[in-house]
$ cat final.txt   # compact mmCIF, C-alpha atoms (C1' of nucleotides)
# COMPACT_ATOMS: atom_id res chain seq x y z
CA MET U 1 -109.99 -87.94 62.46
CA PRO U 2 -107.08 -85.75 61.78
CA GLU U 3 -106.87 -82.97 59.27
CA LEU U 4 -103.99 -80.50 59.01
CA PRO U 5 -104.70 -78.68 62.33
CA GLU U 6 -104.86 -81.87 64.39
CA VAL U 7 -101.65 -83.18 62.84
CA GLU U 8 -99.97 -79.83 63.53
CA VAL U 9 -101.00 -80.03 67.19
CA VAL U 10 -99.38 -83.45 67.41
CA ARG U 11 -96.28 -82.13 65.65
CA GLN U 12 -95.87 -79.31 68.12
CA SER U 13 -96.11 -81.71 70.99
CA LEU U 14 -93.56 -84.09 69.46
CA ASP U 15 -91.30 -81.14 68.76
CA LYS U 16 -91.37 -80.22 72.42
CA ASN U 17 -90.80 -83.73 73.68
CA ILE U 18 -88.71 -85.86 71.34
CA LYS U 19 -86.62 -83.41 69.31
CA GLN U 20 -82.91 -84.21 69.55
CA LYS U 21 -83.69 -87.42 71.40
CA LYS U 22 -82.41 -90.84 70.54
CA VAL U 23 -84.59 -93.87 69.94
CA LYS U 24 -83.65 -96.50 72.52
CA LYS U 25 -86.03 -99.26 71.56
CA VAL U 26 -89.00 -100.00 69.32
CA ILE U 27 -91.70 -102.57 69.92
CA ILE U 28 -94.29 -103.47 67.30
CA ARG U 29 -97.43 -104.98 68.79
CA ASN U 30 -99.31 -105.23 65.51
CA ARG U 31 -97.78 -104.67 62.08
CA ASN U 32 -101.08 -104.39 60.26
CA LEU U 33 -101.72 -100.80 59.34
CA ARG U 34 -102.62 -99.39 55.92
CA PHE U 35 -99.19 -100.58 54.87
CA LYS U 36 -97.69 -103.49 56.75
CA ILE U 37 -94.81 -102.35 58.94
CA PRO U 38 -91.70 -103.96 57.47
CA ALA U 39 -89.58 -106.38 59.49
CA TYR U 40 -86.57 -104.05 59.44
CA PHE U 41 -88.48 -101.16 61.02
CA GLU U 42 -87.46 -101.66 64.66
CA ASN U 43 -83.75 -102.09 64.01
CA PHE U 44 -83.70 -99.27 61.53
CA LEU U 45 -85.00 -96.73 64.04
CA LYS U 46 -82.98 -97.94 66.98
CA ASP U 47 -80.16 -95.58 68.01
CA LEU U 48 -81.18 -92.90 65.52
CA LYS U 49 -81.74 -89.37 66.77
CA ILE U 50 -84.87 -87.40 65.87
CA ASN U 51 -83.32 -84.21 64.52
CA LYS U 52 -86.62 -82.42 64.09
CA ILE U 53 -90.28 -83.02 63.36
CA ASP U 54 -91.84 -81.46 60.28
CA ARG U 55 -95.33 -81.68 58.90
CA PHE U 56 -96.65 -81.55 55.38
CA SER U 57 -100.40 -81.64 54.93
CA LYS U 58 -101.66 -84.44 57.19
CA TYR U 59 -98.28 -86.18 57.35
CA LEU U 60 -95.78 -86.05 60.20
CA ILE U 61 -92.17 -86.21 59.06
CA LEU U 62 -89.58 -87.32 61.59
CA ASN U 63 -86.14 -86.14 60.35
CA LEU U 64 -83.73 -88.87 61.41
CA SER U 65 -80.02 -88.51 62.11
CA ASN U 66 -79.01 -90.74 59.18
CA LYS U 67 -80.70 -88.36 56.69
CA SER U 68 -83.71 -90.61 56.31
CA TYR U 69 -87.27 -89.88 57.36
CA CYS U 70 -90.04 -91.63 59.19
CA LEU U 71 -93.36 -90.62 57.70
CA ILE U 72 -96.43 -90.96 59.90
CA HIS U 73 -100.03 -90.66 58.75
CA LEU U 74 -102.79 -90.92 61.35
CA GLY U 75 -105.45 -92.05 58.88
CA MET U 76 -108.92 -91.71 60.36
CA SER U 77 -108.37 -92.94 63.88
CA GLY U 78 -104.65 -92.79 64.66
CA THR U 79 -103.44 -91.21 67.90
CA ILE U 80 -100.02 -90.85 69.45
CA HIS U 81 -99.84 -91.07 73.21
CA MET U 82 -96.89 -89.98 75.26
CA VAL U 83 -95.94 -91.65 78.50
CA HIS U 84 -93.27 -90.04 80.66
CA ASN U 85 -91.11 -91.94 83.04
CA ASN U 86 -88.78 -90.26 85.47
CA GLN U 87 -87.53 -93.43 87.07
CA LYS U 88 -84.18 -95.02 86.39
CA ASN U 89 -84.13 -98.22 84.36
CA GLN U 90 -86.95 -96.83 82.30
CA LEU U 91 -87.04 -99.56 79.74
CA THR U 92 -87.90 -102.21 82.26
CA ASN U 93 -89.99 -100.17 84.66
CA THR U 94 -93.49 -101.55 84.64
CA SER U 95 -95.27 -98.22 85.04
CA PHE U 96 -93.79 -97.36 81.71
CA TYR U 97 -95.73 -100.16 80.14
CA ASN U 98 -98.99 -99.93 82.04
CA SER U 99 -99.91 -96.29 81.83
CA PRO U 100 -103.54 -95.49 82.70
CA ILE U 101 -103.80 -93.02 79.80
CA LEU U 102 -103.19 -95.71 77.20
CA PRO U 103 -106.09 -97.32 75.36
CA LYS U 104 -106.53 -101.02 76.06
CA LYS U 105 -106.79 -102.13 72.45
CA HIS U 106 -105.12 -101.31 69.13
CA ASN U 107 -101.77 -100.07 70.40
CA HIS U 108 -99.65 -100.87 67.36
CA ILE U 109 -96.25 -99.28 67.90
CA GLU U 110 -94.19 -98.23 70.90
CA ILE U 111 -91.11 -96.04 70.49
CA PHE U 112 -88.96 -95.65 73.58
CA PHE U 113 -86.75 -92.68 74.36
CA GLU U 114 -84.68 -92.12 77.47
CA SER U 115 -87.44 -90.72 79.64
CA LEU U 116 -90.61 -91.27 77.65
CA LYS U 117 -92.24 -93.53 75.14
CA LEU U 118 -94.62 -92.85 72.28
CA VAL U 119 -97.48 -95.25 71.65
CA TYR U 120 -99.28 -95.29 68.32
CA ASN U 121 -102.90 -96.41 68.56
CA ASP U 122 -105.14 -96.93 65.54
CA PRO U 123 -108.43 -98.89 65.71
CA ARG U 124 -109.32 -98.52 62.05
CA ARG U 125 -105.78 -99.08 60.78
CA PHE U 126 -105.99 -96.47 58.03
CA GLY U 127 -102.84 -94.82 59.31
CA PHE U 128 -99.26 -95.86 58.54
CA PHE U 129 -95.57 -95.51 59.35
CA GLN U 130 -93.17 -95.44 56.43
CA ILE U 131 -89.40 -95.14 56.20
CA ILE U 132 -88.25 -92.81 53.42
CA LYS U 133 -84.61 -93.31 52.51
CA ASN U 134 -83.56 -89.75 51.70
CA HIS U 135 -84.66 -86.29 50.69
CA HIS U 136 -85.01 -87.22 47.05
CA PHE U 137 -87.61 -89.88 47.83
CA LEU U 138 -89.36 -87.57 50.27
CA LYS U 139 -89.86 -85.01 47.52
CA LYS U 140 -91.07 -87.74 45.22
CA ARG U 141 -93.50 -88.98 47.87
CA PHE U 142 -95.26 -85.61 47.95
CA ALA U 143 -94.86 -84.72 44.29
CA HIS U 144 -98.49 -85.40 43.41
CA MET U 145 -99.86 -83.24 46.20
CA GLY U 146 -101.07 -79.67 45.88
CA PRO U 147 -99.89 -76.76 48.02
CA GLU U 148 -101.17 -76.30 51.55
CA PRO U 149 -103.52 -73.32 51.97
CA PHE U 150 -100.72 -71.49 53.80
CA ASP U 151 -98.43 -71.78 50.77
CA THR U 152 -98.02 -68.65 48.62
CA LYS U 153 -98.67 -70.96 45.64
CA PHE U 154 -102.24 -71.24 46.89
CA ASN U 155 -103.20 -68.00 45.16
CA GLN U 156 -105.76 -66.55 42.81
CA LYS U 157 -103.80 -67.36 39.69
CA TYR U 158 -103.55 -71.00 40.79
CA PHE U 159 -107.31 -71.07 41.38
CA PHE U 160 -108.02 -69.55 37.99
CA LEU U 161 -105.88 -72.14 36.19
CA SER U 162 -107.11 -75.09 38.27
CA PHE U 163 -110.82 -74.26 37.94
CA LYS U 164 -110.82 -73.54 34.22
CA ASN U 165 -113.41 -75.75 32.49
CA LYS U 166 -113.72 -78.04 35.51
CA LYS U 167 -117.12 -79.55 36.22
CA LYS U 168 -116.45 -80.53 39.80
CA ASN U 169 -118.02 -78.73 42.75
CA ILE U 170 -115.96 -76.67 45.17
CA LYS U 171 -116.45 -78.99 48.15
CA ASN U 172 -114.86 -81.90 46.30
CA PHE U 173 -112.12 -79.61 45.06
CA LEU U 174 -111.16 -78.59 48.58
CA LEU U 175 -111.00 -82.26 49.57
CA ASP U 176 -108.86 -83.19 46.57
CA GLN U 177 -105.32 -83.40 47.95
CA ARG U 178 -103.90 -82.91 44.44
CA PHE U 179 -105.44 -79.45 44.38
CA THR U 180 -104.67 -78.48 47.96
CA SER U 181 -103.42 -80.62 50.79
CA GLY U 182 -104.43 -80.60 54.41
CA ILE U 183 -108.14 -79.80 54.24
CA GLY U 184 -110.47 -82.64 55.22
CA ASN U 185 -114.20 -83.11 55.45
CA ILE U 186 -114.85 -81.03 58.57
CA TYR U 187 -112.87 -77.97 57.58
CA ALA U 188 -114.16 -78.01 53.99
CA SER U 189 -117.69 -77.39 55.29
CA GLU U 190 -116.52 -74.76 57.78
CA ILE U 191 -114.48 -72.88 55.16
CA LEU U 192 -117.32 -72.74 52.62
CA PHE U 193 -119.73 -71.47 55.27
CA LEU U 194 -117.48 -68.50 56.03
CA CYS U 195 -117.13 -67.85 52.29
CA LYS U 196 -120.94 -67.96 51.89
CA ILE U 197 -120.45 -70.38 49.01
CA ASP U 198 -122.73 -73.36 48.26
CA PRO U 199 -120.61 -76.55 48.51
CA LEU U 200 -122.21 -77.86 45.32
CA LYS U 201 -121.24 -74.78 43.29
CA LYS U 202 -119.24 -75.72 40.21
CA VAL U 203 -115.76 -74.27 40.44
CA LYS U 204 -115.78 -72.79 36.95
CA LYS U 205 -118.66 -70.57 38.04
CA LEU U 206 -116.72 -69.06 40.92
CA LYS U 207 -115.66 -65.43 40.55
CA LYS U 208 -112.35 -63.82 41.41
CA LYS U 209 -113.89 -62.53 44.65
CA ASP U 210 -114.87 -66.11 45.58
CA HIS U 211 -111.32 -67.31 44.93
CA GLN U 212 -109.99 -64.69 47.29
CA LYS U 213 -112.52 -65.57 49.97
CA ILE U 214 -111.66 -69.27 49.77
CA ILE U 215 -107.95 -68.51 50.09
CA PHE U 216 -108.52 -66.18 53.04
CA TYR U 217 -110.92 -68.40 54.98
CA SER U 218 -109.01 -71.63 54.31
CA ARG U 219 -106.04 -70.07 56.05
CA LYS U 220 -108.18 -68.56 58.79
CA VAL U 221 -110.10 -71.73 59.65
CA LEU U 222 -106.99 -73.90 59.71
CA SER U 223 -104.93 -71.49 61.78
CA ASP U 224 -107.80 -70.81 64.21
CA ALA U 225 -108.23 -74.57 64.64
CA ILE U 226 -104.53 -75.01 65.38
CA LYS U 227 -104.75 -72.30 68.05
CA LYS U 228 -107.65 -74.16 69.67
CA GLY U 229 -105.73 -77.45 69.77
CA GLY U 230 -107.63 -78.94 66.83
CA SER U 231 -111.12 -80.44 66.77
CA SER U 232 -112.10 -83.47 68.82
CA ILE U 233 -115.12 -85.06 67.18
CA ARG U 234 -114.99 -88.60 68.29
CA ASP U 235 -111.64 -89.45 69.69
CA PHE U 236 -108.98 -87.02 68.56
CA LYS U 237 -106.66 -86.25 71.42
CA ASN U 238 -103.22 -84.73 71.53
CA THR U 239 -100.25 -86.71 72.79
CA LEU U 240 -101.20 -85.99 76.40
CA GLY U 241 -104.69 -87.36 75.89
CA LYS U 242 -106.18 -83.86 75.93
CA LYS U 243 -108.97 -82.89 73.58
CA GLY U 244 -108.97 -79.90 71.26
CA THR U 245 -111.74 -77.32 71.50
CA PHE U 246 -112.32 -76.12 67.96
CA GLN U 247 -115.44 -78.32 67.74
CA ASN U 248 -117.06 -75.80 70.09
CA HIS U 249 -116.63 -73.17 67.41
CA PHE U 250 -118.10 -75.06 64.46
CA ASN U 251 -120.57 -73.01 62.45
CA VAL U 252 -122.06 -75.86 60.44
CA TYR U 253 -120.37 -79.20 61.03
CA GLN U 254 -122.70 -81.54 62.95
CA ARG U 255 -125.20 -78.71 63.40
CA GLU U 256 -127.91 -80.13 61.15
CA GLY U 257 -131.32 -78.60 61.84
CA LEU U 258 -129.95 -75.77 63.99
CA ASN U 259 -130.16 -72.08 63.18
CA CYS U 260 -127.47 -70.39 61.13
CA LYS U 261 -125.07 -68.60 63.47
CA ARG U 262 -124.81 -65.56 61.21
CA SER U 263 -126.66 -62.78 63.03
CA LYS U 264 -128.72 -61.50 60.12
CA CYS U 265 -129.45 -64.92 58.57
CA SER U 266 -132.61 -66.87 59.36
CA GLY U 267 -131.36 -70.00 57.58
CA ILE U 268 -131.20 -73.58 58.85
CA ILE U 269 -128.12 -75.80 58.68
CA LYS U 270 -128.64 -78.70 56.29
CA LYS U 271 -126.74 -81.94 55.86
CA LYS U 272 -126.21 -83.40 52.43
CA THR U 273 -124.09 -86.31 51.23
CA ILE U 274 -121.71 -85.18 48.51
CA SER U 275 -119.56 -87.91 46.98
CA LYS U 276 -120.22 -90.15 49.97
CA ARG U 277 -119.09 -87.52 52.49
CA SER U 278 -121.45 -85.68 54.78
CA THR U 279 -121.53 -81.97 54.07
CA PHE U 280 -123.04 -79.24 56.23
CA PHE U 281 -124.13 -75.82 55.01
CA CYS U 282 -126.63 -73.02 55.60
CA ASN U 283 -129.56 -73.26 53.18
CA THR U 284 -129.87 -69.47 53.04
CA CYS U 285 -126.59 -67.59 53.13
CA GLN U 286 -124.44 -70.00 51.10
CA LYS U 287 -125.03 -69.43 47.41
C1' DA O 1 -108.88 -87.56 31.39
C1' DA O 2 -111.93 -86.02 34.72
C1' DG O 3 -114.84 -87.57 37.95
C1' DA O 4 -117.52 -91.02 40.45
C1' DG O 5 -117.46 -95.02 43.28
C1' DG O 6 -115.50 -98.90 45.88
C1' DC O 7 -112.64 -100.43 49.36
C1' DC O 8 -109.40 -100.92 53.33
C1' DC O 9 -110.90 -101.51 59.04
C1' DT O 10 -113.18 -101.18 63.75
C1' DG O 11 -116.40 -99.08 66.80
C1' DA O 12 -120.25 -96.15 68.13
C1' DT O 13 -124.88 -95.46 67.63
C1' DA O 14 -129.63 -96.05 65.85
C1' DG O 15 -133.48 -98.83 64.92
C1' DC O 16 -136.08 -102.92 65.46
C1' DT X 1 -130.62 -107.59 75.58
C1' DG X 2 -129.21 -108.47 71.27
C1' DC X 3 -129.30 -108.44 66.58
C1' DT X 4 -128.34 -105.75 62.07
C1' DA X 5 -127.55 -101.61 59.44
C1' DT X 6 -125.43 -97.33 58.92
C1' DC X 7 -121.99 -94.08 59.43
C1' DA X 8 -117.36 -92.00 60.68
C1' DG X 9 -112.68 -86.98 60.19
C1' DG X 10 -108.58 -90.36 54.57
C1' DG X 11 -106.54 -91.81 50.57
C1' DC X 12 -105.72 -94.85 46.88
C1' DC X 13 -107.17 -97.62 43.13
C1' DT X 14 -110.27 -98.84 39.32
C1' DC X 15 -113.74 -98.07 36.10
C1' DT X 16 -116.28 -95.40 32.79
$ encode --input "final.txt" --output "structure tokens"
Amino acid sequence: MPELPEVEVVRQSLDKNIKQKKVKKVIIRNRNLRFKIPAYFENFLKDLKINKIDRFSKYLILNLSNKSYCLIHLGMSGTIHMVHNNQKNQLTNTSFYNSPILPKKHNHIEIFFESLKLVYNDPRRFGFFQIIKNHHFLKKRFAHMGPEPFDTKFNQKYFFLSFKNKKKNIKNFLLDQRFTSGIGNIYASEILFLCKIDPLKKVKKLKKKDHQKIIFYSRKVLSDAIKKGGSSIRDFKNTLGKKGTFQNHFNVYQREGLNCKRSKCSGIIKKKTISKRSTFFCNTCQK
DNA sequence: AAGAGGCCCTGATAGC
DNA sequence: TGCTATCAGGGCCTCT
């Protein structure tokens, strides 16, 4: 599900609701995620304060009061639900446990704060929670990842050097987190549509003008999506269970067979599988 | 060494 | 209705 914009929407919500709050209790319902949640996890988090919530790429980074970090990745189907409780004796109040907004299955982790709890749900279990000891290991954790599109390092010179003599197509490049991090399958298609670039185009054939368009529209698509609360394709919801609306603004994604939205283009949106991922593009204006 | 492909997992949907 | 096959937004590992 979640690419950079969806993770940012979750971050903003966490920032509003759990910043500067102390973890009162942690319950693990199911330790099996991409990485098994270690036995020490609950006790480690207990009584730590969440200083702030950062995000890098598709990762949430909880900054903890003992200088460590809790990394959260939502994988394909992870969601974080927030349940408020204004009653006293929150930790034992039953309404706290049986909220109607919570999914019935696949609730893996519950983190309790004074007046609310977070519930991590993940049917496909591709997501994970990971404790990172200190800043040094955090840097190391992300060392292999390329700059986000918003980063000033994501510039024309970087494109020129990265694309030199490379045989790969631009769609796969945008999805390669070592080149740039945060773009996923939906936004890769949307970005290339706005650039009028064929997703199968080999990167070494791209001109300077193309580089600049990709930089511009990567930033535009991601920031527009954040403003719209992300995209809800299947089941992405923010922490309040609300859906994003950027899916209503897709130009190509899941629009196979429909007319190109560009006013002067008479093209049809096509779907093609590129490296096992579905890719949508206009057969006329993307060259 | 770059690039393609497999795999982790469950659930929704399509086709018979 | 009920079976099976296919596909899904990510990322990491292996193989060539």
$ closest_residue --input "final.txt" --among "U:Phe126, U:Phe112, U:Tyr40, U:Phe56" --to "chain O" --atoms "only C-alpha atoms (C1' of nucleotides)"
U:Phe126
$ interface_residues --input "final.txt" --of "chain U" --to "chain O" --cutoff "7 Å" --atoms "all atoms listed in the file" --output "PDB file with C-alpha atoms, in the frame of the given file"
ATOM      1  CA  PRO U 123    -108.430 -98.890  65.710  1.00  0.00           C
ATOM      2  CA  ARG U 124    -109.320 -98.520  62.050  1.00  0.00           C
ATOM      3  CA  ARG U 125    -105.780 -99.080  60.780  1.00  0.00           C
TER       4      ARG U 125
END
$ interface_residues --input "final.txt" --of "chain U" --to "chain X" --cutoff "8 Å" --atoms "all atoms listed in the file" --output "list in words"
Met1, Pro2, Glu3, Gly75, Met76, Phe126, Gly184, Asn185, Ile186 and Ile233 of chain U
$ atom_distance --input "final.txt" --atom1 "atom CA of Leu222 of chain U" --atom2 "atom CA of Lys171 of chain U"
15.8 Å
$ residues_around --input "final.txt" --residues "Ser57 of chain U" --least-positions-apart "5" --cutoff "6 Å" --atoms "only C-alpha atoms (C1' of nucleotides)" --output "list in words"
Leu4, Ser181 and Gly182 of chain U
$ write_last_selection --input "final.txt" --atoms "C-alpha atoms" --output "mmCIF file, keeping the file's coordinate frame"
data_model
loop_
_atom_site.group_PDB
_atom_site.id
_atom_site.type_symbol
_atom_site.label_atom_id
_atom_site.label_comp_id
_atom_site.auth_asym_id
_atom_site.auth_seq_id
_atom_site.Cartn_x
_atom_site.Cartn_y
_atom_site.Cartn_z
ATOM 1 C CA LEU U 4 -103.990 -80.500 59.010
ATOM 2 C CA SER U 181 -103.420 -80.620 50.790
ATOM 3 C CA GLY U 182 -104.430 -80.600 54.410
#
$ atom_distance --input "final.txt" --atom1 "atom CA of Ala39 of chain U" --atom2 "atom CA of Ile131 of chain U"
11.7 Å
$ closest_residue --input "final.txt" --among "U:His108, U:His136, U:His81, U:His249" --to "Lys261 of chain U" --atoms "only C-alpha atoms"
U:His249
$ atom_distance --input "final.txt" --atom1 "atom CA of Val10 of chain U" --atom2 "atom CA of Pro103 of chain U"
17.3 Å
$ residues_near_point --input "final.txt" --point "(-82.7, -86.3, 65.9)" --cutoff "12 Å" --atoms "all atoms listed in the file" --output "count of residues only"
30
$ residues_around --input "final.txt" --residues "Ala225 of chain U" --least-positions-apart "3" --cutoff "12 Å" --atoms "all atoms listed in the file" --output "PyMOL selection string"
chain U and resi 2-9+183+186-187+190-191+217-222+228-232+244-250
$ axis_aligned_box --input "final.txt" --around "segment 249-259 of chain U" --padding-each-side "6 Å" --output "AutoDock Vina command-line options"
--center_x -124.0 --center_y -76.8 --center_z 63.9 --size_x 26.7 --size_y 21.5 --size_z 19.0
$ residues_around --input "final.txt" --residues "Ile111 of chain U" --least-positions-apart "5" --cutoff "10 Å" --atoms "all atoms listed in the file" --output "MDAnalysis selection string"
chainID U and resid 23:28 42 45:46 82 116:120
$ decode --input "final.txt" --residues "chain X" --atoms "C-alpha atoms (C1' of nucleotides)" --output "CSV table (one decimal), in the first residue's frame"
chain,number,residue,atom,x,y,z
X,1,DT,C1',-21.9,-22.1,-4.1
X,2,DG,C1',-17.4,-23.4,-4.3
X,3,DC,C1',-13.3,-24.4,-6.3
X,4,DT,C1',-8.7,-22.5,-8.4
X,5,DA,C1',-5.8,-19.0,-10.4
X,6,DT,C1',-4.2,-14.5,-10.5
X,7,DC,C1',-3.0,-10.3,-8.7
X,8,DA,C1',-1.9,-6.6,-5.2
X,9,DG,C1',0.8,-0.5,-3.5
X,10,DG,C1',7.6,-3.4,-1.0
X,11,DG,C1',12.0,-5.0,-0.4
X,12,DC,C1',15.5,-8.3,0.0
X,13,DC,C1',18.1,-12.1,-1.6
X,14,DT,C1',20.0,-15.1,-5.2
X,15,DC,C1',21.3,-16.2,-9.7
X,16,DT,C1',23.3,-15.3,-14.2
